[in-house]
Amino acid sequence: MANLSYYGDERKEFQEEFKKELPNLKAVRIIVGKLQKHFKLGDVDLDFTSGRNHSHASRWHITINVEQTNFGVICHELAHVFQARKLEHEAGDKWHTKKHKRIMKRMLAYCRKKNWFEVELGRRLAEKPFKPELTKEEQRAKRIKQLEIRKQSYTRKIKLSENRVRKLNRQISALKRFV
Ligand SMILES: [Zn+2]
């Protein structure tokens, strides 16, 4: 339920956090996953909306407006999930309460403490390093190397079998001598 003065106060109090935009939707998924795990929220479905639709939340799921993918909005919605799941919230209870703000504050403090997950995001959003394609000649050399390795493994097995056969022959002839 919209509560304009609550939103206004919140945006003033967490000004900086509402400006901390995430670069893309994958990053939003990563952050929601991190917070969901740390605050033990259980499964949280995440989807997106756009245009004039507001971000919103329910007990099992949050919807984020793609034009507002910042830490303020994400923690606001996840704090609702926390209320619904962990605080015996009942139908008809108010959502935008001091409790909600307190939870949101805790979540934002955690994000700040984790340095906004910058390292994690950097690592997981990084492009895979470019691997130059092998030339025909290099491909051939690589294939030969693979086959050599397989051959070695079979050669080892042959030697092992030969040793075993020799050992068995020795045992057999030793026994025959005493017939
Ligand atoms: Zn709300």
# chains A, B, ... in the order shown; residues from 1 in each chain; ligands from 1

call {"tool": "residues_around", "arguments": {"residues": "range 96-98 of chain A", "least_positions_apart": "5", "cutoff": "10 Å", "atoms": "only C-alpha atoms", "output": "ChimeraX atom specification"}}
result
/A:1-3,6-7,76,79-80,103-104

call {"tool": "select_by_dssp", "arguments": {"residues": "chain A", "states": "alpha helix (DSSP H)", "output": "PyMOL selection string"}}
result
chain A and resi 4-13+15-19+25-38+71-86+98-113+118-125+136-177

call {"tool": "write_last_selection", "arguments": {"atoms": "C-alpha atoms", "output": "CSV table (one decimal), in the first residue's frame"}}
result
chain,number,residue,atom,x,y,z
A,4,LEU,CA,3.9,8.8,0.3
A,5,SER,CA,5.3,10.4,3.4
A,6,TYR,CA,7.0,7.1,4.4
A,7,TYR,CA,8.6,6.8,0.9
A,8,GLY,CA,9.7,10.5,1.1
A,9,ASP,CA,11.3,10.1,4.5
A,10,GLU,CA,12.9,6.9,3.5
A,11,ARG,CA,14.5,8.4,0.4
A,12,LYS,CA,15.8,11.2,2.5
A,13,GLU,CA,17.3,9.0,5.2
A,15,GLN,CA,19.6,9.1,0.0
A,16,GLU,CA,22.9,7.6,-0.9
A,17,GLU,CA,21.6,4.0,-1.1
A,18,PHE,CA,18.8,5.0,-3.4
A,19,LYS,CA,21.4,6.4,-5.8
A,25,LEU,CA,19.3,-7.2,-14.1
A,26,LYS,CA,21.8,-10.0,-13.6
A,27,ALA,CA,23.4,-7.9,-10.9
A,28,VAL,CA,20.0,-7.4,-9.3
A,29,ARG,CA,19.6,-11.2,-9.2
A,30,ILE,CA,23.0,-11.7,-7.6
A,31,ILE,CA,22.3,-9.1,-4.9
A,32,VAL,CA,18.8,-10.4,-4.1
A,33,GLY,CA,20.4,-13.9,-3.9
A,34,LYS,CA,23.0,-12.7,-1.5
A,35,LEU,CA,20.6,-10.9,0.8
A,36,GLN,CA,18.0,-13.7,0.7
A,37,LYS,CA,20.7,-16.2,1.8
A,38,HIS,CA,22.3,-14.0,4.5
A,71,PHE,CA,20.0,-0.9,-3.2
A,72,GLY,CA,17.3,1.3,-1.6
A,73,VAL,CA,14.5,-0.3,-3.6
A,74,ILE,CA,15.8,-3.8,-3.4
A,75,CYS,CA,16.2,-3.7,0.4
A,76,HIS,CA,12.8,-2.0,0.8
A,77,GLU,CA,11.1,-4.9,-1.0
A,78,LEU,CA,13.2,-7.6,0.7
A,79,ALA,CA,12.4,-6.1,4.1
A,80,HIS,CA,8.7,-6.7,3.3
A,81,VAL,CA,9.5,-10.3,2.6
A,82,PHE,CA,11.4,-10.4,5.9
A,83,GLN,CA,8.3,-8.9,7.7
A,84,ALA,CA,6.0,-11.4,6.1
A,85,ARG,CA,8.0,-14.5,6.7
A,86,LYS,CA,9.8,-13.9,9.9
A,98,LYS,CA,9.3,1.4,12.1
A,99,LYS,CA,10.1,-2.3,12.1
A,100,HIS,CA,10.2,-2.3,8.3
A,101,LYS,CA,12.6,0.6,8.3
A,102,ARG,CA,14.8,-1.1,10.9
A,103,ILE,CA,15.0,-4.3,8.8
A,104,MET,CA,15.8,-2.3,5.7
A,105,LYS,CA,18.5,-0.4,7.6
A,106,ARG,CA,20.0,-3.6,8.7
A,107,MET,CA,20.1,-4.9,5.1
A,108,LEU,CA,21.6,-1.8,3.8
A,109,ALA,CA,24.2,-1.8,6.5
A,110,TYR,CA,25.1,-5.3,5.5
A,111,CYS,CA,25.5,-4.3,1.8
A,112,ARG,CA,27.7,-1.4,2.9
A,113,LYS,CA,29.8,-3.7,5.1
A,118,GLU,CA,31.6,-4.9,-5.7
A,119,VAL,CA,34.2,-7.6,-5.8
A,120,GLU,CA,31.5,-10.3,-6.2
A,121,LEU,CA,29.7,-8.4,-8.9
A,122,GLY,CA,32.9,-7.6,-10.7
A,123,ARG,CA,33.9,-11.3,-10.8
A,124,ARG,CA,30.5,-12.6,-11.7
A,125,LEU,CA,29.7,-10.0,-14.3
A,136,LYS,CA,45.1,-25.6,-38.1
A,137,GLU,CA,48.7,-26.5,-37.2
A,138,GLU,CA,48.1,-25.9,-33.5
A,139,GLN,CA,44.9,-27.9,-33.6
A,140,ARG,CA,46.8,-30.8,-35.2
A,141,ALA,CA,49.6,-30.6,-32.5
A,142,LYS,CA,47.0,-30.5,-29.8
A,143,ARG,CA,45.2,-33.6,-31.2
A,144,ILE,CA,48.5,-35.5,-31.5
A,145,LYS,CA,49.3,-34.7,-27.9
A,146,GLN,CA,45.9,-36.0,-26.7
A,147,LEU,CA,46.4,-39.2,-28.7
A,148,GLU,CA,49.9,-39.7,-27.3
A,149,ILE,CA,48.6,-39.4,-23.8
A,150,ARG,CA,45.9,-42.1,-24.5
A,151,LYS,CA,48.5,-44.3,-26.2
A,152,GLN,CA,50.8,-44.0,-23.1
A,153,SER,CA,48.0,-45.2,-20.9
A,154,TYR,CA,47.4,-48.3,-23.0
A,155,THR,CA,51.1,-49.0,-23.2
A,156,ARG,CA,51.3,-48.9,-19.4
A,157,LYS,CA,48.4,-51.4,-19.3
A,158,ILE,CA,50.2,-53.7,-21.8
A,159,LYS,CA,53.4,-53.7,-19.6
A,160,LEU,CA,51.4,-54.4,-16.5
A,161,SER,CA,49.7,-57.4,-18.3
A,162,GLU,CA,53.0,-58.7,-19.6
A,163,ASN,CA,54.5,-58.6,-16.1
A,164,ARG,CA,51.5,-60.5,-14.7
A,165,VAL,CA,51.8,-63.1,-17.5
A,166,ARG,CA,55.5,-63.6,-16.8
A,167,LYS,CA,54.8,-64.0,-13.1
A,168,LEU,CA,52.1,-66.5,-13.7
A,169,ASN,CA,54.4,-68.5,-16.1
A,170,ARG,CA,57.0,-68.6,-13.4
A,171,GLN,CA,54.5,-69.9,-10.8
A,172,ILE,CA,53.3,-72.5,-13.3
A,173,SER,CA,56.7,-73.8,-14.3
A,174,ALA,CA,57.8,-73.9,-10.6
A,175,LEU,CA,54.8,-76.1,-9.8
A,176,LYS,CA,55.4,-78.3,-12.8
A,177,ARG,CA,59.0,-79.0,-11.8

call {"tool": "select_by_dssp", "arguments": {"residues": "range 4-116 of chain A", "states": "strand (DSSP E)", "output": "PyMOL selection string"}}
result
chain A and resi 45-49+56-57+61-65

call {"tool": "atom_distance", "arguments": {"atom1": "CA of Arg52 in chain A", "atom2": "CA of Trp116 in chain A"}}
result
27.3 Å

call {"tool": "atom_distance", "arguments": {"atom1": "CA of Val44 in chain A", "atom2": "CA of Ala91 in chain A"}}
result
19.5 Å

call {"tool": "closest_residue", "arguments": {"among": "A:Phe39, A:Trp95, A:Ile64, A:Asp45", "to": "ligand 1", "atoms": "only C-alpha atoms and all ligand atoms"}}
result
A:Trp95

call {"tool": "closest_residue", "arguments": {"among": "A:Thr63, A:Gly92, A:Ala57, A:Phe117", "to": "Leu22 in chain A", "atoms": "only C-alpha atoms"}}
result
A:Phe117

call {"tool": "closest_residue", "arguments": {"among": "A:His61, A:His89, A:Lys131, A:His54", "to": "ligand 1", "atoms": "only C-alpha atoms and all ligand atoms"}}
result
A:His54

call {"tool": "closest_residue", "arguments": {"among": "A:Thr49, A:Ser55, A:Thr135, A:Asn115", "to": "ligand 1", "atoms": "only C-alpha atoms and all ligand atoms"}}
result
A:Ser55

call {"tool": "atom_distance", "arguments": {"atom1": "CA of Asn70 in chain A", "atom2": "CA of Phe14 in chain A"}}
result
11.2 Å

call {"tool": "closest_residue", "arguments": {"among": "A:Phe130, A:Pro23, A:Asp43, A:Lys94", "to": "Val66 in chain A", "atoms": "only C-alpha atoms"}}
result
A:Pro23
